[in-house]
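Colleague: My structure is in structure-v3.cif, and what it holds is mmCIF, C-alpha atoms:
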```cif
data_entry
#
loop_
_atom_site.group_PDB
_atom_site.id
_atom_site.type_symbol
_atom_site.label_atom_id
_atom_site.label_comp_id
_atom_site.auth_asym_id
_atom_site.auth_seq_id
_atom_site.Cartn_x
_atom_site.Cartn_y
_atom_site.Cartn_z
ATOM 1 C CA MET K 20 22.959 31.150 73.252
ATOM 2 C CA LYS K 21 26.500 31.951 72.167
ATOM 3 C CA LEU K 22 28.417 30.391 69.258
ATOM 4 C CA PHE K 23 32.136 30.726 68.548
ATOM 5 C CA VAL K 24 33.143 30.241 64.900
ATOM 6 C CA TYR K 25 36.598 29.053 63.824
ATOM 7 C CA ASN K 26 37.900 29.128 60.220
ATOM 8 C CA PHE K 27 35.735 32.181 59.544
ATOM 9 C CA ASN K 28 35.912 33.532 56.000
ATOM 10 C CA SER K 29 34.801 37.149 55.920
ATOM 11 C CA GLY K 30 34.001 36.954 52.212
ATOM 12 C CA GLN K 31 30.808 35.140 51.229
ATOM 13 C CA GLU K 32 30.219 33.766 54.738
ATOM 14 C CA SER K 33 29.549 36.980 56.685
ATOM 15 C CA ALA K 34 26.055 37.720 55.425
ATOM 16 C CA PHE K 35 24.905 34.124 55.890
ATOM 17 C CA PHE K 36 26.257 33.872 59.429
ATOM 18 C CA GLU K 37 24.514 37.107 60.332
ATOM 19 C CA LYS K 38 21.257 36.010 58.692
ATOM 20 C CA TYR K 39 21.028 32.610 60.374
ATOM 21 C CA ALA K 40 22.464 33.685 63.717
ATOM 22 C CA ASN K 41 19.585 36.172 63.924
ATOM 23 C CA GLN K 42 17.087 33.522 62.814
ATOM 24 C CA PHE K 43 18.242 30.974 65.409
ATOM 25 C CA GLY K 44 18.952 33.423 68.232
ATOM 26 C CA LEU K 45 22.724 32.952 68.351
ATOM 27 C CA GLU K 46 25.292 35.501 69.523
ATOM 28 C CA LEU K 47 28.485 35.055 67.496
ATOM 29 C CA GLY K 48 32.223 35.289 68.052
ATOM 30 C CA PHE K 49 34.725 34.761 65.221
ATOM 31 C CA THR K 50 38.297 33.973 64.301
ATOM 32 C CA SER K 51 39.764 33.218 60.887
ATOM 33 C CA GLU K 52 42.166 30.784 62.570
ATOM 34 C CA PRO K 53 41.536 27.036 62.704
ATOM 35 C CA PRO K 54 40.951 25.557 66.164
ATOM 36 C CA SER K 55 44.142 24.559 67.976
ATOM 37 C CA ILE K 56 45.414 23.871 71.472
ATOM 38 C CA GLU K 57 46.844 27.399 71.482
ATOM 39 C CA ASN K 58 43.592 29.217 70.633
ATOM 40 C CA ILE K 59 40.930 26.894 72.042
ATOM 41 C CA GLU K 60 40.412 29.329 74.948
ATOM 42 C CA LEU K 61 38.796 31.752 72.485
ATOM 43 C CA ALA K 62 35.645 29.636 72.839
ATOM 44 C CA ASN K 63 35.557 30.037 76.629
ATOM 45 C CA GLY K 64 32.209 31.477 77.706
ATOM 46 C CA TYR K 65 30.374 30.204 74.633
ATOM 47 C CA ASP K 66 27.775 27.435 74.394
ATOM 48 C CA TYR K 67 28.654 26.071 70.959
ATOM 49 C CA VAL K 68 31.596 25.872 68.559
ATOM 50 C CA ASN K 69 31.516 25.811 64.758
ATOM 51 C CA VAL K 70 34.461 24.678 62.593
ATOM 52 C CA MET K 71 35.298 23.934 58.979
ATOM 53 C CA LEU K 72 37.744 21.139 58.031
ATOM 54 C CA SER K 73 40.370 21.536 60.741
ATOM 55 C CA PRO K 74 41.146 18.551 63.006
ATOM 56 C CA VAL K 75 39.584 18.634 66.463
ATOM 57 C CA CYS K 76 41.653 16.280 68.619
ATOM 58 C CA LYS K 77 40.953 14.687 71.985
ATOM 59 C CA GLU K 78 42.928 17.314 73.893
ATOM 60 C CA MET K 79 40.812 20.084 72.374
ATOM 61 C CA LEU K 80 37.616 18.162 73.043
ATOM 62 C CA VAL K 81 38.558 17.698 76.699
ATOM 63 C CA ARG K 82 39.156 21.421 77.119
ATOM 64 C CA LEU K 83 35.944 22.351 75.298
ATOM 65 C CA LYS K 84 34.012 20.009 77.566
ATOM 66 C CA GLU K 85 35.626 21.628 80.601
ATOM 67 C CA MET K 86 34.580 25.046 79.293
ATOM 68 C CA GLY K 87 30.964 23.919 79.117
ATOM 69 C CA ILE K 88 30.617 23.630 75.347
ATOM 70 C CA LYS K 89 27.413 21.693 74.579
ATOM 71 C CA MET K 90 27.940 20.867 70.910
ATOM 72 C CA ILE K 91 30.447 21.322 68.085
ATOM 73 C CA SER K 92 29.159 21.578 64.536
ATOM 74 C CA THR K 93 31.140 21.424 61.327
ATOM 75 C CA ARG K 94 29.878 23.241 58.261
ATOM 76 C CA THR K 95 30.934 20.310 56.095
ATOM 77 C CA VAL K 96 29.380 17.014 55.044
ATOM 78 C CA GLY K 97 32.520 15.055 55.904
ATOM 79 C CA TYR K 98 33.474 14.748 59.554
ATOM 80 C CA ASP K 99 36.672 12.688 59.582
ATOM 81 C CA HIS K 100 38.423 15.698 61.181
ATOM 82 C CA PHE K 101 36.476 14.954 64.389
ATOM 83 C CA ASP K 102 37.640 12.449 67.006
ATOM 84 C CA LEU K 103 34.216 10.814 67.282
ATOM 85 C CA ARG K 104 35.249 8.187 69.809
ATOM 86 C CA SER K 105 36.668 10.733 72.257
ATOM 87 C CA ALA K 106 33.644 13.025 71.840
ATOM 88 C CA LYS K 107 31.320 10.140 72.645
ATOM 89 C CA GLU K 108 33.367 9.179 75.708
ATOM 90 C CA LEU K 109 33.252 12.776 76.923
ATOM 91 C CA GLY K 110 29.523 13.175 76.243
ATOM 92 C CA LEU K 111 30.253 16.065 73.899
ATOM 93 C CA HIS K 112 27.826 16.250 70.975
ATOM 94 C CA LEU K 113 28.946 16.684 67.378
ATOM 95 C CA SER K 114 27.036 17.441 64.186
ATOM 96 C CA ASN K 115 27.817 17.974 60.522
ATOM 97 C CA SER K 116 26.018 19.822 57.746
ATOM 98 C CA SER K 117 24.775 19.256 54.206
ATOM 99 C CA TYR K 118 24.289 21.091 50.939
ATOM 100 C CA PRO K 119 22.837 20.276 47.514
ATOM 101 C CA PRO K 120 25.030 17.825 45.562
ATOM 102 C CA ASP K 121 25.041 19.778 42.304
ATOM 103 C CA ALA K 122 28.107 21.937 43.014
ATOM 104 C CA VAL K 123 30.500 19.029 43.575
ATOM 105 C CA ALA K 124 28.858 16.882 40.899
ATOM 106 C CA GLU K 125 29.214 19.639 38.296
ATOM 107 C CA TYR K 126 32.800 20.286 39.331
ATOM 108 C CA SER K 127 33.643 16.590 39.010
ATOM 109 C CA VAL K 128 32.277 16.511 35.474
ATOM 110 C CA MET K 129 34.223 19.690 34.662
ATOM 111 C CA LEU K 130 37.459 18.036 35.839
ATOM 112 C CA MET K 131 36.745 14.991 33.684
ATOM 113 C CA ILE K 132 36.357 17.159 30.604
ATOM 114 C CA MET K 133 39.415 19.277 31.500
ATOM 115 C CA VAL K 134 41.576 16.165 31.737
ATOM 116 C CA CYS K 135 40.224 14.756 28.475
ATOM 117 C CA ARG K 136 40.917 18.034 26.668
ATOM 118 C CA ASN K 137 44.333 18.663 28.287
ATOM 119 C CA ILE K 138 43.201 22.065 29.542
ATOM 120 C CA LYS K 139 46.033 22.549 32.053
ATOM 121 C CA LEU K 140 48.724 22.420 29.368
ATOM 122 C CA MET K 141 46.616 24.517 26.990
ATOM 123 C CA LEU K 142 46.238 27.296 29.590
ATOM 124 C CA GLU K 143 49.920 27.167 30.545
ATOM 125 C CA LYS K 144 50.915 27.542 26.876
ATOM 126 C CA GLY K 145 48.523 30.468 26.540
ATOM 127 C CA ASN K 146 50.072 32.193 29.559
ATOM 128 C CA ILE K 147 53.383 32.404 27.665
ATOM 129 C CA ASN K 148 51.665 33.438 24.419
ATOM 130 C CA ASP K 149 52.120 30.042 22.800
ATOM 131 C CA TYR K 150 48.917 29.487 20.861
ATOM 132 C CA SER K 151 50.120 26.556 18.792
ATOM 133 C CA LEU K 152 48.395 23.221 19.094
ATOM 134 C CA ASN K 153 51.611 21.234 19.323
ATOM 135 C CA HIS K 154 51.851 18.766 22.216
ATOM 136 C CA LEU K 155 48.146 19.044 22.954
ATOM 137 C CA PRO K 156 46.752 15.531 22.552
ATOM 138 C CA THR K 157 43.090 15.491 23.537
ATOM 139 C CA THR K 158 40.289 12.947 23.586
ATOM 140 C CA ASN K 159 36.507 12.990 23.534
ATOM 141 C CA MET K 160 34.523 12.447 26.716
ATOM 142 C CA SER K 161 32.044 10.504 24.581
ATOM 143 C CA GLU K 162 34.693 7.805 24.060
ATOM 144 C CA LYS K 163 35.293 7.267 27.771
ATOM 145 C CA LYS K 164 34.070 4.567 30.130
ATOM 146 C CA VAL K 165 33.669 6.214 33.541
ATOM 147 C CA GLY K 166 33.784 4.428 36.874
ATOM 148 C CA ILE K 167 32.116 6.068 39.868
ATOM 149 C CA ILE K 168 33.099 4.853 43.332
ATOM 150 C CA GLY K 169 30.439 5.892 45.825
ATOM 151 C CA THR K 170 26.847 6.538 44.763
ATOM 152 C CA GLY K 171 25.507 8.766 47.491
ATOM 153 C CA LYS K 172 23.887 12.028 46.472
ATOM 154 C CA ILE K 173 27.002 13.413 44.789
ATOM 155 C CA GLY K 174 28.053 10.201 43.049
ATOM 156 C CA THR K 175 24.502 9.678 41.816
ATOM 157 C CA GLY K 176 24.456 13.281 40.608
ATOM 158 C CA VAL K 177 27.637 12.705 38.636
ATOM 159 C CA ALA K 178 26.212 9.550 37.067
ATOM 160 C CA LYS K 179 23.095 11.445 36.028
ATOM 161 C CA LYS K 180 25.100 14.284 34.465
ATOM 162 C CA ILE K 181 27.487 12.094 32.482
ATOM 163 C CA LYS K 182 25.039 9.433 31.355
ATOM 164 C CA ASN K 183 24.726 11.086 27.947
ATOM 165 C CA LEU K 184 28.276 12.511 27.884
ATOM 166 C CA CYS K 185 30.326 9.343 28.076
ATOM 167 C CA LYS K 186 30.434 5.896 26.508
ATOM 168 C CA GLU K 187 29.416 3.943 29.630
ATOM 169 C CA VAL K 188 28.964 4.474 33.374
ATOM 170 C CA LEU K 189 30.058 1.786 35.827
ATOM 171 C CA MET K 190 29.517 2.203 39.581
ATOM 172 C CA TYR K 191 30.517 0.667 42.867
ATOM 173 C CA ASP K 192 28.985 1.108 46.321
ATOM 174 C CA ILE K 193 28.291 -1.274 49.173
ATOM 175 C CA ALA K 194 24.838 0.347 49.388
ATOM 176 C CA GLN K 195 23.366 0.447 45.901
ATOM 177 C CA ASN K 196 20.436 2.707 45.068
ATOM 178 C CA ASP K 197 17.789 2.534 42.372
ATOM 179 C CA GLU K 198 18.269 6.087 41.076
ATOM 180 C CA ALA K 199 21.985 5.570 40.402
ATOM 181 C CA ALA K 200 21.194 2.221 38.777
ATOM 182 C CA SER K 201 19.048 4.056 36.217
ATOM 183 C CA TYR K 202 22.131 5.985 35.028
ATOM 184 C CA GLY K 203 24.716 3.200 34.934
ATOM 185 C CA THR K 204 25.643 -0.337 35.894
ATOM 186 C CA TYR K 205 26.818 -1.510 39.297
ATOM 187 C CA THR K 206 29.897 -3.713 39.301
ATOM 188 C CA ASP K 207 32.886 -4.579 41.491
ATOM 189 C CA LEU K 208 35.948 -2.447 42.218
ATOM 190 C CA GLU K 209 38.319 -4.624 40.228
ATOM 191 C CA THR K 210 36.249 -4.204 37.066
ATOM 192 C CA ILE K 211 36.178 -0.436 37.512
ATOM 193 C CA PHE K 212 39.942 -0.122 37.970
ATOM 194 C CA LYS K 213 40.762 -2.548 35.140
ATOM 195 C CA THR K 214 38.326 -1.312 32.493
ATOM 196 C CA CYS K 215 37.460 2.362 33.077
ATOM 197 C CA ASP K 216 39.158 5.312 31.386
ATOM 198 C CA ILE K 217 38.136 7.675 34.198
ATOM 199 C CA VAL K 218 37.754 6.663 37.851
ATOM 200 C CA SER K 219 35.916 9.261 39.953
ATOM 201 C CA LEU K 220 35.814 9.068 43.766
ATOM 202 C CA HIS K 221 32.694 10.038 45.722
ATOM 203 C CA THR K 222 32.758 7.882 48.824
ATOM 204 C CA PRO K 223 33.077 9.151 52.407
ATOM 205 C CA MET K 224 36.345 8.728 54.272
ATOM 206 C CA SER K 225 36.356 5.824 56.734
ATOM 207 C CA PRO K 226 38.812 3.151 57.910
ATOM 208 C CA GLU K 227 37.381 0.915 55.164
ATOM 209 C CA THR K 228 37.814 3.464 52.372
ATOM 210 C CA LYS K 229 41.186 4.937 53.341
ATOM 211 C CA HIS K 230 43.591 4.383 50.426
ATOM 212 C CA ILE K 231 40.894 2.696 48.376
ATOM 213 C CA VAL K 232 43.156 3.837 45.536
ATOM 214 C CA ASN K 233 46.489 2.212 46.348
ATOM 215 C CA ALA K 234 49.507 0.857 44.481
ATOM 216 C CA GLU K 235 47.800 -2.443 43.727
ATOM 217 C CA ARG K 236 44.711 -0.811 42.207
ATOM 218 C CA LEU K 237 46.696 1.828 40.342
ATOM 219 C CA ALA K 238 48.660 -1.021 38.738
ATOM 220 C CA MET K 239 45.353 -2.477 37.474
ATOM 221 C CA MET K 240 44.476 0.699 35.564
ATOM 222 C CA ARG K 241 44.987 1.354 31.907
ATOM 223 C CA SER K 242 47.983 3.508 30.994
ATOM 224 C CA SER K 243 45.512 5.956 29.396
ATOM 225 C CA ALA K 244 43.275 6.177 32.476
ATOM 226 C CA VAL K 245 42.911 9.067 34.930
ATOM 227 C CA ILE K 246 41.777 9.510 38.549
ATOM 228 C CA ILE K 247 39.340 12.225 39.682
ATOM 229 C CA ASN K 248 38.980 12.983 43.404
ATOM 230 C CA THR K 249 36.543 15.570 44.756
ATOM 231 C CA ALA K 250 35.771 13.612 47.933
ATOM 232 C CA ARG K 251 38.525 13.163 50.547
ATOM 233 C CA GLY K 252 42.288 13.200 50.065
ATOM 234 C CA SER K 253 42.973 10.067 52.094
ATOM 235 C CA LEU K 254 40.981 7.937 49.661
ATOM 236 C CA ILE K 255 44.180 7.943 47.586
ATOM 237 C CA ASP K 256 47.600 6.758 48.708
ATOM 238 C CA THR K 257 49.400 9.883 47.503
ATOM 239 C CA LYS K 258 52.873 8.373 47.351
ATOM 240 C CA ALA K 259 51.532 5.485 45.276
ATOM 241 C CA LEU K 260 49.772 7.957 42.968
ATOM 242 C CA ILE K 261 52.964 9.953 42.430
ATOM 243 C CA LYS K 262 54.885 6.776 41.609
ATOM 244 C CA ALA K 263 52.170 5.630 39.186
ATOM 245 C CA LEU K 264 52.262 8.992 37.416
ATOM 246 C CA GLN K 265 56.064 9.099 37.295
ATOM 247 C CA GLU K 266 56.192 5.595 35.848
ATOM 248 C CA LYS K 267 53.332 6.351 33.446
ATOM 249 C CA GLN K 268 51.150 3.587 34.822
ATOM 250 C CA ILE K 269 48.253 6.042 34.470
ATOM 251 C CA ALA K 270 47.817 9.110 32.301
ATOM 252 C CA GLY K 271 46.853 11.768 34.838
ATOM 253 C CA ALA K 272 44.814 12.960 37.782
ATOM 254 C CA ALA K 273 42.506 15.802 38.728
ATOM 255 C CA LEU K 274 42.409 16.394 42.475
ATOM 256 C CA ASP K 275 40.328 18.816 44.498
ATOM 257 C CA VAL K 276 41.571 17.202 47.721
ATOM 258 C CA ILE K 277 44.825 15.647 48.915
ATOM 259 C CA GLU K 278 46.138 13.820 51.960
ATOM 260 C CA GLY K 279 47.520 16.206 54.570
ATOM 261 C CA GLU K 280 45.704 19.225 53.136
ATOM 262 C CA GLU K 281 44.872 20.574 56.592
ATOM 263 C CA GLY K 282 46.671 23.877 57.020
ATOM 264 C CA ILE K 283 47.250 24.074 53.256
ATOM 265 C CA VAL K 284 43.868 24.586 51.609
ATOM 266 C CA PHE K 285 42.151 27.912 52.372
ATOM 267 C CA HIS K 286 45.586 29.469 53.077
ATOM 268 C CA ASP K 287 47.841 31.764 51.021
ATOM 269 C CA PHE K 288 51.397 30.507 50.376
ATOM 270 C CA LYS K 289 52.346 32.656 47.395
ATOM 271 C CA HIS K 290 55.228 34.230 49.348
ATOM 272 C CA ASP K 291 56.264 31.045 51.169
ATOM 273 C CA VAL K 292 57.651 27.603 50.491
ATOM 274 C CA LEU K 293 54.719 25.221 50.228
ATOM 275 C CA PRO K 294 54.917 22.916 53.281
ATOM 276 C CA HIS K 295 53.548 19.890 51.446
ATOM 277 C CA GLU K 296 56.109 17.886 49.474
ATOM 278 C CA SER K 297 53.635 15.635 47.668
ATOM 279 C CA LEU K 298 51.511 18.568 46.493
ATOM 280 C CA SER K 299 54.632 20.369 45.243
ATOM 281 C CA ILE K 300 55.529 17.314 43.163
ATOM 282 C CA LEU K 301 52.025 16.834 41.792
ATOM 283 C CA GLN K 302 51.528 20.486 40.877
ATOM 284 C CA ASN K 303 54.653 20.394 38.730
ATOM 285 C CA MET K 304 53.294 17.517 36.661
ATOM 286 C CA PRO K 305 51.711 18.663 33.389
ATOM 287 C CA ASN K 306 49.085 15.915 33.589
ATOM 288 C CA VAL K 307 47.841 16.745 37.106
ATOM 289 C CA ILE K 308 45.209 19.347 37.979
ATOM 290 C CA PHE K 309 44.905 20.464 41.591
ATOM 291 C CA SER K 310 42.354 22.820 43.130
ATOM 292 C CA PRO K 311 42.155 23.761 46.848
ATOM 293 C CA HIS K 312 39.106 21.832 48.059
ATOM 294 C CA ALA K 313 36.920 24.192 46.069
ATOM 295 C CA ALA K 314 34.405 21.881 44.384
ATOM 296 C CA TYR K 315 31.689 22.751 46.909
ATOM 297 C CA TYR K 316 32.377 26.491 46.818
ATOM 298 C CA THR K 317 29.283 28.176 45.395
ATOM 299 C CA LYS K 318 27.018 30.736 46.998
ATOM 300 C CA THR K 319 24.199 28.190 47.259
ATOM 301 C CA SER K 320 26.396 25.577 48.940
ATOM 302 C CA ILE K 321 27.888 28.037 51.415
ATOM 303 C CA GLU K 322 24.459 29.241 52.493
ATOM 304 C CA HIS K 323 23.206 25.687 53.067
ATOM 305 C CA MET K 324 26.370 24.712 54.955
ATOM 306 C CA ILE K 325 26.104 27.633 57.341
ATOM 307 C CA LYS K 326 22.338 27.420 57.799
ATOM 308 C CA ASN K 327 22.351 23.686 58.510
ATOM 309 C CA SER K 328 25.384 23.737 60.795
ATOM 310 C CA LEU K 329 23.782 26.483 62.894
ATOM 311 C CA GLU K 330 20.329 24.934 62.859
ATOM 312 C CA SER K 331 21.780 21.625 64.074
ATOM 313 C CA LEU K 332 22.872 23.398 67.265
ATOM 314 C CA VAL K 333 19.405 24.627 68.220
ATOM 315 C CA LEU K 334 17.324 21.600 67.242
ATOM 316 C CA PRO K 335 18.186 19.571 70.393
ATOM 317 C CA LYS K 336 17.261 22.548 72.587
ATOM 318 C CA ASN K 337 13.889 22.679 70.857
ATOM 319 C CA LYS K 338 13.580 18.882 71.282
ATOM 320 C CA GLU K 339 13.388 18.379 67.536
ATOM 321 C CA ASP K 340 15.033 15.614 65.520
ATOM 322 C CA ASN K 341 18.466 16.591 64.224
ATOM 323 C CA PRO K 342 19.314 15.086 60.792
ATOM 324 C CA TRP K 343 22.938 16.183 61.173
ATOM 325 C CA PHE K 344 23.563 14.668 64.628
ATOM 326 C CA LEU K 345 26.711 12.484 64.805
ATOM 327 C CA VAL K 346 27.258 11.675 68.498
#
```
How does this structure look as structure tokens?
Modeller:
Amino acid sequence: MKLFVYNFNSGQESAFFEKYANQFGLELGFTSEPPSIENIELANGYDYVNVMLSPVCKEMLVRLKEMGIKMISTRTVGYDHFDLRSAKELGLHLSNSSYPPDAVAEYSVMLMIMVCRNIKLMLEKGNINDYSLNHLPTTNMSEKKVGIIGTGKIGTGVAKKIKNLCKEVLMYDIAQNDEAASYGTYTDLETIFKTCDIVSLHTPMSPETKHIVNAERLAMMRSSAVIINTARGSLIDTKALIKALQEKQIAGAALDVIEGEEGIVFHDFKHDVLPHESLSILQNMPNVIFSPHAAYYTKTSIEHMIKNSLESLVLPKNKEDNPWFLV
């Protein structure tokens, strides 16, 4: 069985790909490039394809089907970069992956504390040898009411970690769970946006959740409140967020993801003009923290992502249930 891997990172990924390819009997081919119409032929002659976060459109799916690809796996939990409907119509199977929730949950809590303590401005002052404490207003996490939108494994993990760090935890999810309920109180979205000092997003991307943070809900928030997003960029209407920040409707944001990040995150633009206007604006705001979709990025997470995305390819062949199967 042969697997072609797109978006290959030769850093921490190499050893894990080698380890699990040997374990599952897979012969590998690699490219650091994301899949595209121009390079889709690289997968010709392979049985499976593995990607990261890059969009896989209908045209690519059609060509992969023609080449005899049996399944495409993504080494991510989210799969909104797949055209699920077209894959199903073509009879081309897709699967995702999973990893322990602790990495993203810990990162989310870190961002909350960084925003409360104004760490971005503090570090920027330090970089120019300004060690004064002027213009560094900070607040205690213990004084904050935190709203968590989405209580899957990661959202529940965040609630557990901040239960004793903050003043109160409020949560919203259409599917409530008992574990999360032991760390906070379920309520409605309007209450979260109107009353919480920190709103943290942990829901999957779907047509129902796209722009769950929009102009109307940003206008509900306190002027001292902040948004944290370590889930998916399209959960926030970016233009509405920029306007809310410019008009001081809210106090700040900490974003590990952003709309239109494809082709931006995981790439080096230090010698180029950044081809993302909204990100350029946000990064120049002193009250906005941005990181390049890095919340998941620990050795443990990477190993689980690679192992599970490769294992999901061989389970159907062995006639075993596949917990990562999508279509």
Colleague: Might you pull out every residue within 8 Å of range 50-59 of chain K, with only C-alpha atoms counted and same-chain residues fewer than 5 positions away left off, and present them as a list in words?
Modeller: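 Here the answer would be Val24, Tyr25, Asn26, Phe27, Asn28, Val70, Met71, Ser73, Pro74, Val75, Glu78, Met79, Arg82 and Leu83 of chain K.
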Colleague: Could you write out as a list of chain:residue names the residues that the PyMOL selection byres ((chain K and resi 184) around 9) matches in the shown file?
Modeller: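 On the file shown, the PyMOL selection byres ((chain K and resi 184) around 9) covers K:Met160, K:Ser161, K:Glu162, K:Lys163, K:Lys180, K:Ile181, K:Lys182, K:Asn183, K:Cys185, K:Lys186, K:Glu187.
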Colleague: Would you compute the distance between CA of Ile168 in chain K and CA of Glu235 in chain K? Give it in Å to one decimal.
Modeller: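 Interatomic distance, CA of Ile168 in chain K to CA of Glu235 in chain K: 16.4 Å.
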Colleague: Mind checking which residues fall within 7 Å of Phe344 in chain K, counting only C-alpha atoms, ignoring those fewer than 4 positions away in the same chain, and posting them as number ranges by chain?
Modeller: K: 113-115
Colleague: Please identify all polymer residues lying at most 8 Å from the point (26.0, 31.4, 70.9) (file coordinates), using only C-alpha atoms, and present the result as a PyMOL selection string.
Modeller: chain K and resi 20-23+44-48+65-67
Colleague: So that I can check the surroundings of range 192-209 of chain K, please list as a PDB file with C-alpha atoms, in the frame of the given file every protein, DNA and RNA residue that reaches within 9 Å of it, counting only C-alpha atoms and ignoring chain neighbours fewer than 3 positions away.
Modeller:
```pdb
ATOM      1  CA  GLY K 166      33.784   4.428  36.874  1.00  0.00           C
ATOM      2  CA  ILE K 167      32.116   6.068  39.868  1.00  0.00           C
ATOM      3  CA  ILE K 168      33.099   4.853  43.332  1.00  0.00           C
ATOM      4  CA  GLY K 169      30.439   5.892  45.825  1.00  0.00           C
ATOM      5  CA  THR K 170      26.847   6.538  44.763  1.00  0.00           C
ATOM      6  CA  GLY K 171      25.507   8.766  47.491  1.00  0.00           C
ATOM      7  CA  GLY K 174      28.053  10.201  43.049  1.00  0.00           C
ATOM      8  CA  THR K 175      24.502   9.678  41.816  1.00  0.00           C
ATOM      9  CA  GLY K 176      24.456  13.281  40.608  1.00  0.00           C
ATOM     10  CA  ALA K 178      26.212   9.550  37.067  1.00  0.00           C
ATOM     11  CA  LYS K 179      23.095  11.445  36.028  1.00  0.00           C
ATOM     12  CA  LYS K 180      25.100  14.284  34.465  1.00  0.00           C
ATOM     13  CA  ILE K 181      27.487  12.094  32.482  1.00  0.00           C
ATOM     14  CA  LYS K 182      25.039   9.433  31.355  1.00  0.00           C
ATOM     15  CA  GLU K 187      29.416   3.943  29.630  1.00  0.00           C
ATOM     16  CA  VAL K 188      28.964   4.474  33.374  1.00  0.00           C
ATOM     17  CA  LEU K 189      30.058   1.786  35.827  1.00  0.00           C
ATOM     18  CA  PHE K 212      39.942  -0.122  37.970  1.00  0.00           C
ATOM     19  CA  LYS K 213      40.762  -2.548  35.140  1.00  0.00           C
ATOM     20  CA  THR K 214      38.326  -1.312  32.493  1.00  0.00           C
ATOM     21  CA  THR K 222      32.758   7.882  48.824  1.00  0.00           C
ATOM     22  CA  ARG K 236      44.711  -0.811  42.207  1.00  0.00           C
ATOM     23  CA  MET K 239      45.353  -2.477  37.474  1.00  0.00           C
TER      24      MET K 239
END
```
Colleague: Please write as a compact mmCIF listing (two decimals) with C-alpha atoms, in the coordinates of the input the full residue list that the PyMOL selection byres ((chain K and resi 341) around 10) yields on this file.
Modeller:
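Output below, filename part_15.txt:
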```
# COMPACT_ATOMS: atom_id res chain seq x y z
CA SER K 114 27.04 17.44 64.19
CA ASN K 327 22.35 23.69 58.51
CA GLU K 330 20.33 24.93 62.86
CA SER K 331 21.78 21.62 64.07
CA LEU K 332 22.87 23.40 67.26
CA VAL K 333 19.40 24.63 68.22
CA LEU K 334 17.32 21.60 67.24
CA PRO K 335 18.19 19.57 70.39
CA LYS K 338 13.58 18.88 71.28
CA GLU K 339 13.39 18.38 67.54
CA ASP K 340 15.03 15.61 65.52
CA PRO K 342 19.31 15.09 60.79
CA TRP K 343 22.94 16.18 61.17
CA PHE K 344 23.56 14.67 64.63
CA LEU K 345 26.71 12.48 64.81
```
Colleague: Can you list, as number ranges by chain, the residues that the PyMOL selection byres ((chain K and resi 141) around 12) selects here?
Modeller: K: 133-140, 142-157, 305-306
Colleague: So how far away is CA of Asn233 in chain K from CA of Glu280 in chain K, in Å?
Modeller: 18.3 Å
Colleague: Which residues are near Glu266 in chain K? Cut-off 12 Å, only C-alpha atoms, ignore same chain within fewer than 5 positions. Put them as a ChimeraX atom specification.
Modeller: /K:234,237-238,242,259-261,271
Colleague: So, with all atoms listed in the file as the atoms that count, which of K:Met90, K:Pro311, K:Gln302, K:Leu274 lies closest to Asp287 in chain K?
Modeller: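 Closest to Asp287 in chain K of all the choices is K:Pro311.
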Colleague: Could you name the residues that touch Phe309 in chain K at 10 Å or less, counting only C-alpha atoms, but leaving out those on the same chain fewer than 2 positions away, as a PyMOL selection string?
Modeller: chain K and resi 130+139+248+272-277+298+301-302+307+311-313
Colleague: Write out, as an mmCIF file, keeping the file's coordinate frame, the residues just selected, with C-alpha atoms.
Modeller:
```cif
data_model
loop_
_atom_site.group_PDB
_atom_site.id
_atom_site.type_symbol
_atom_site.label_atom_id
_atom_site.label_comp_id
_atom_site.auth_asym_id
_atom_site.auth_seq_id
_atom_site.Cartn_x
_atom_site.Cartn_y
_atom_site.Cartn_z
ATOM 1 C CA LEU K 130 37.459 18.036 35.839
ATOM 2 C CA LYS K 139 46.033 22.549 32.053
ATOM 3 C CA ASN K 248 38.980 12.983 43.404
ATOM 4 C CA ALA K 272 44.814 12.960 37.782
ATOM 5 C CA ALA K 273 42.506 15.802 38.728
ATOM 6 C CA LEU K 274 42.409 16.394 42.475
ATOM 7 C CA ASP K 275 40.328 18.816 44.498
ATOM 8 C CA VAL K 276 41.571 17.202 47.721
ATOM 9 C CA ILE K 277 44.825 15.647 48.915
ATOM 10 C CA LEU K 298 51.511 18.568 46.493
ATOM 11 C CA LEU K 301 52.025 16.834 41.792
ATOM 12 C CA GLN K 302 51.528 20.486 40.877
ATOM 13 C CA VAL K 307 47.841 16.745 37.106
ATOM 14 C CA PRO K 311 42.155 23.761 46.848
ATOM 15 C CA HIS K 312 39.106 21.832 48.059
ATOM 16 C CA ALA K 313 36.920 24.192 46.069
#
```
